[in-house]
Amino acid sequence: MPSVGNVVAMIDGSVYSTSVCDHAAWLSRRLDVPLVLAHVIGRRDVELLGQGENNELMQKLKEVDGHRSELLEAIGEQILADAAERALSAGAPAVHRRLRRGDLLDALAELEVDSRCIVIGKRGAAADFAKLHLGSNIERVVRASRVHVMVASRAFVPIKRFLVAYDGGPTSVKALKLISRSPVYDHLEPHILTVTNDEAEGRKALIAAEELLNWSGKVVTTVASGAPEKAIADYVENRAVDLVVMGAYGHSRVRNLLVGSTTSQMMQSCKIPIVIVR
């Protein structure tokens, strides 16, 4: 992670919020930086169609909308308070709360200015049925964020080993360099996987990857063939990997995992947290 900043956790009260909080607290603790918990209240789903000051029904509608707005803020504050208590008990060194209104990406652009990493969940409060919830915005967030993104799994599990999906592209190279100097990965077991149908070329790539990682202990390296999303998911399951680290962009088929139509397939097949390096 970058050398300054905090960890930002985007929570919305869904079943993933607890996991997002736990993963973010884990990052915050290992980096020894503050955790910022953020809740975004989306745009109103009811638009007032008129401005007639003497229209009694319109006035009532405005009053109802005002009460709804107050309730949404109260709910948001409670979500943040509960998450803050949980994060502090999980060892986060400091926790700050941010309640925002409007579009998720607008809030993200503001919050990530001083951040090292954004943590989000795979699903939001209304799954994929609401346009402004995290689940339906997962690819939008990954594309828009200027910092690293951790996509939290359904539940937090203590992380002991991690896998780097390496394809030789600029961001996978950056991922390895990041890991080599970040305290997040200290004392974890590293695995590097490259997916290619050319075994010799894959072994050559892994040698370069090990040099970039510059790890003091043993590194498990593997070449796999086939579709990258399936190869990664199979490796994760067979080797009991707890965390996947991969670049946001690559120069091979791996690129499509995060910036193309197969994003949702990857998120579904990989049931552990994923760190997407920018």
# chains A, B, ... in the order shown; residues from 1 in each chain; ligands from 1

$ residues_around --residues "Ile75 of chain A" --least-positions-apart "5" --cutoff "12 Å" --atoms "only C-alpha atoms" --output "list of chain:residue names"
A:Asp12, A:Gly13, A:His39, A:Val40, A:Ile41, A:Arg68, A:Ser69, A:Glu70, A:Leu80, A:Ala81, A:Asp82, A:Leu99

$ write_last_selection --atoms "C-alpha atoms" --output "short mmCIF file (atom, residue, chain, number, x, y, z; two decimals), in the first residue's frame"
data_model
loop_
_atom_site.label_atom_id
_atom_site.label_comp_id
_atom_site.auth_asym_id
_atom_site.auth_seq_id
_atom_site.Cartn_x
_atom_site.Cartn_y
_atom_site.Cartn_z
CA ASP A 12 -24.29 0.00 3.70
CA GLY A 13 -25.92 -2.16 6.35
CA HIS A 39 -21.92 5.15 4.56
CA VAL A 40 -23.50 6.75 1.48
CA ILE A 41 -27.18 7.60 1.30
CA ARG A 68 -37.73 9.78 5.18
CA SER A 69 -34.51 11.69 4.78
CA GLU A 70 -34.18 12.09 8.55
CA LEU A 80 -21.61 3.60 11.35
CA ALA A 81 -21.74 3.50 15.16
CA ASP A 82 -22.13 -0.29 15.21
CA LEU A 99 -21.95 9.91 6.38
#

$ residues_around --residues "Asn214 of chain A" --least-positions-apart "2" --cutoff "12 Å" --atoms "only C-alpha atoms" --output "NGL selection string"
:A and (176-181 or 190 or 207-212 or 216-219)

$ closest_residue --among "A:Val236, A:Val8, A:Ala24, A:Ala200" --to "Ala165 of chain A" --atoms "only C-alpha atoms"
A:Val236

$ residues_around --residues "Lys160 of chain A" --least-positions-apart "6" --cutoff "7 Å" --atoms "only C-alpha atoms" --output "PyMOL selection string"
chain A and resi 188-189+242

$ write_last_selection --atoms "N, CA and C atoms" --output "mmCIF file, in the first residue's frame"
data_model
loop_
_atom_site.group_PDB
_atom_site.id
_atom_site.type_symbol
_atom_site.label_atom_id
_atom_site.label_comp_id
_atom_site.auth_asym_id
_atom_site.auth_seq_id
_atom_site.Cartn_x
_atom_site.Cartn_y
_atom_site.Cartn_z
ATOM 1 N N LEU A 188 2.973 -13.859 6.168
ATOM 2 C CA LEU A 188 1.992 -14.659 5.447
ATOM 3 C C LEU A 188 2.717 -15.535 4.429
ATOM 4 N N GLU A 189 2.068 -16.598 4.013
ATOM 5 C CA GLU A 189 2.682 -17.529 3.062
ATOM 6 C C GLU A 189 2.348 -17.103 1.631
ATOM 7 N N ASP A 242 -6.179 -17.736 1.349
ATOM 8 C CA ASP A 242 -7.088 -16.860 2.083
ATOM 9 C C ASP A 242 -7.284 -15.497 1.435
#

$ closest_residue --among "A:Met58, A:Ala248, A:Val151, A:Ala9" --to "Ser172 of chain A" --atoms "only C-alpha atoms"
A:Ala248

$ residues_around --residues "Ala231 of chain A" --least-positions-apart "4" --cutoff "10 Å" --atoms "only C-alpha atoms" --output "list of chain:residue names"
A:Ala165, A:Leu193, A:Thr194, A:Val195, A:Thr196, A:Val223, A:Ala224, A:Ser225, A:Gly226, A:Ala227, A:Tyr235, A:Val236

$ write_last_selection --atoms "N, CA and C atoms" --output "tab-separated table (two decimals), in the first residue's frame"
chain	number	residue	atom	x	y	z
A	165	ALA	N	-1.95	-13.36	-8.60
A	165	ALA	CA	-2.23	-13.77	-9.97
A	165	ALA	C	-1.35	-12.92	-10.88
A	193	LEU	N	0.84	-17.48	-9.02
A	193	LEU	CA	0.27	-18.32	-10.09
A	193	LEU	C	0.26	-17.54	-11.39
A	194	THR	N	0.73	-18.17	-12.46
A	194	THR	CA	0.59	-17.59	-13.79
A	194	THR	C	-0.20	-18.56	-14.65
A	195	VAL	N	-1.09	-18.03	-15.47
A	195	VAL	CA	-1.97	-18.86	-16.29
A	195	VAL	C	-1.58	-18.70	-17.75
A	196	THR	N	-1.08	-19.78	-18.33
A	196	THR	CA	-0.64	-19.76	-19.72
A	196	THR	C	-0.60	-21.18	-20.26
A	223	VAL	N	2.48	-22.86	-12.50
A	223	VAL	CA	1.96	-22.53	-13.83
A	223	VAL	C	0.69	-23.35	-14.04
A	224	ALA	N	-0.38	-22.69	-14.49
A	224	ALA	CA	-1.63	-23.39	-14.80
A	224	ALA	C	-2.08	-23.01	-16.20
A	225	SER	N	-2.91	-23.83	-16.78
A	225	SER	CA	-3.44	-23.55	-18.11
A	225	SER	C	-4.95	-23.42	-18.05
A	226	GLY	N	-5.53	-22.96	-19.17
A	226	GLY	CA	-6.99	-22.82	-19.22
A	226	GLY	C	-7.46	-21.42	-18.99
A	227	ALA	N	-8.74	-21.30	-18.67
A	227	ALA	CA	-9.33	-19.99	-18.42
A	227	ALA	C	-8.80	-19.43	-17.10
A	235	TYR	N	-7.18	-23.05	-7.87
A	235	TYR	CA	-5.97	-22.98	-7.05
A	235	TYR	C	-6.34	-22.54	-5.63
A	236	VAL	N	-7.18	-21.52	-5.54
A	236	VAL	CA	-7.61	-21.02	-4.23
A	236	VAL	C	-8.23	-22.13	-3.40

$ closest_residue --among "A:Asn55, A:Thr221, A:Ser145, A:Ser19" --to "Glu112 of chain A" --atoms "only C-alpha atoms"
A:Ser145

$ closest_residue --among "A:Trp26, A:Leu61, A:Val113, A:Gly102" --to "Ser89 of chain A" --atoms "only C-alpha atoms"
A:Trp26

$ decode --residues "segment 210-227 of chain A" --atoms "N, CA and C atoms" --output "CSV table (one decimal), in the first residue's frame"
chain,number,residue,atom,x,y,z
A,210,GLU,N,9.4,-14.0,-8.9
A,210,GLU,CA,10.1,-14.2,-7.6
A,210,GLU,C,11.1,-13.1,-7.3
A,211,GLU,N,11.8,-12.7,-8.3
A,211,GLU,CA,12.8,-11.7,-8.2
A,211,GLU,C,12.2,-10.4,-7.8
A,212,LEU,N,11.0,-10.1,-8.4
A,212,LEU,CA,10.3,-8.8,-8.0
A,212,LEU,C,9.8,-8.9,-6.6
A,213,LEU,N,9.3,-10.0,-6.2
A,213,LEU,CA,8.7,-10.2,-4.8
A,213,LEU,C,9.8,-10.0,-3.8
A,214,ASN,N,11.0,-10.6,-4.1
A,214,ASN,CA,12.1,-10.4,-3.2
A,214,ASN,C,11.8,-10.9,-1.8
A,215,TRP,N,11.2,-12.1,-1.7
A,215,TRP,CA,10.7,-12.6,-0.4
A,215,TRP,C,11.9,-13.3,0.3
A,216,SER,N,11.9,-13.2,1.6
A,216,SER,CA,13.0,-13.8,2.4
A,216,SER,C,12.8,-15.3,2.6
A,217,GLY,N,11.6,-15.7,2.6
A,217,GLY,CA,11.3,-17.2,2.8
A,217,GLY,C,10.8,-17.9,1.5
A,218,LYS,N,10.3,-19.0,1.7
A,218,LYS,CA,9.8,-19.9,0.6
A,218,LYS,C,8.6,-19.3,-0.1
A,219,VAL,N,8.7,-19.3,-1.5
A,219,VAL,CA,7.5,-18.8,-2.3
A,219,VAL,C,7.1,-20.0,-3.1
A,220,VAL,N,5.8,-20.3,-3.1
A,220,VAL,CA,5.2,-21.4,-3.9
A,220,VAL,C,4.8,-20.8,-5.2
A,221,THR,N,5.4,-21.3,-6.3
A,221,THR,CA,5.1,-20.8,-7.7
A,221,THR,C,4.5,-22.0,-8.5
A,222,THR,N,3.5,-21.6,-9.3
A,222,THR,CA,2.8,-22.6,-10.1
A,222,THR,C,2.4,-22.0,-11.5
A,223,VAL,N,2.5,-22.9,-12.5
A,223,VAL,CA,2.0,-22.5,-13.8
A,223,VAL,C,0.7,-23.4,-14.0
A,224,ALA,N,-0.4,-22.7,-14.5
A,224,ALA,CA,-1.6,-23.4,-14.8
A,224,ALA,C,-2.1,-23.0,-16.2
A,225,SER,N,-2.9,-23.8,-16.8
A,225,SER,CA,-3.4,-23.5,-18.1
A,225,SER,C,-5.0,-23.4,-18.0
A,226,GLY,N,-5.5,-23.0,-19.2
A,226,GLY,CA,-7.0,-22.8,-19.2
A,226,GLY,C,-7.5,-21.4,-19.0
A,227,ALA,N,-8.7,-21.3,-18.7
A,227,ALA,CA,-9.3,-20.0,-18.4
A,227,ALA,C,-8.8,-19.4,-17.1
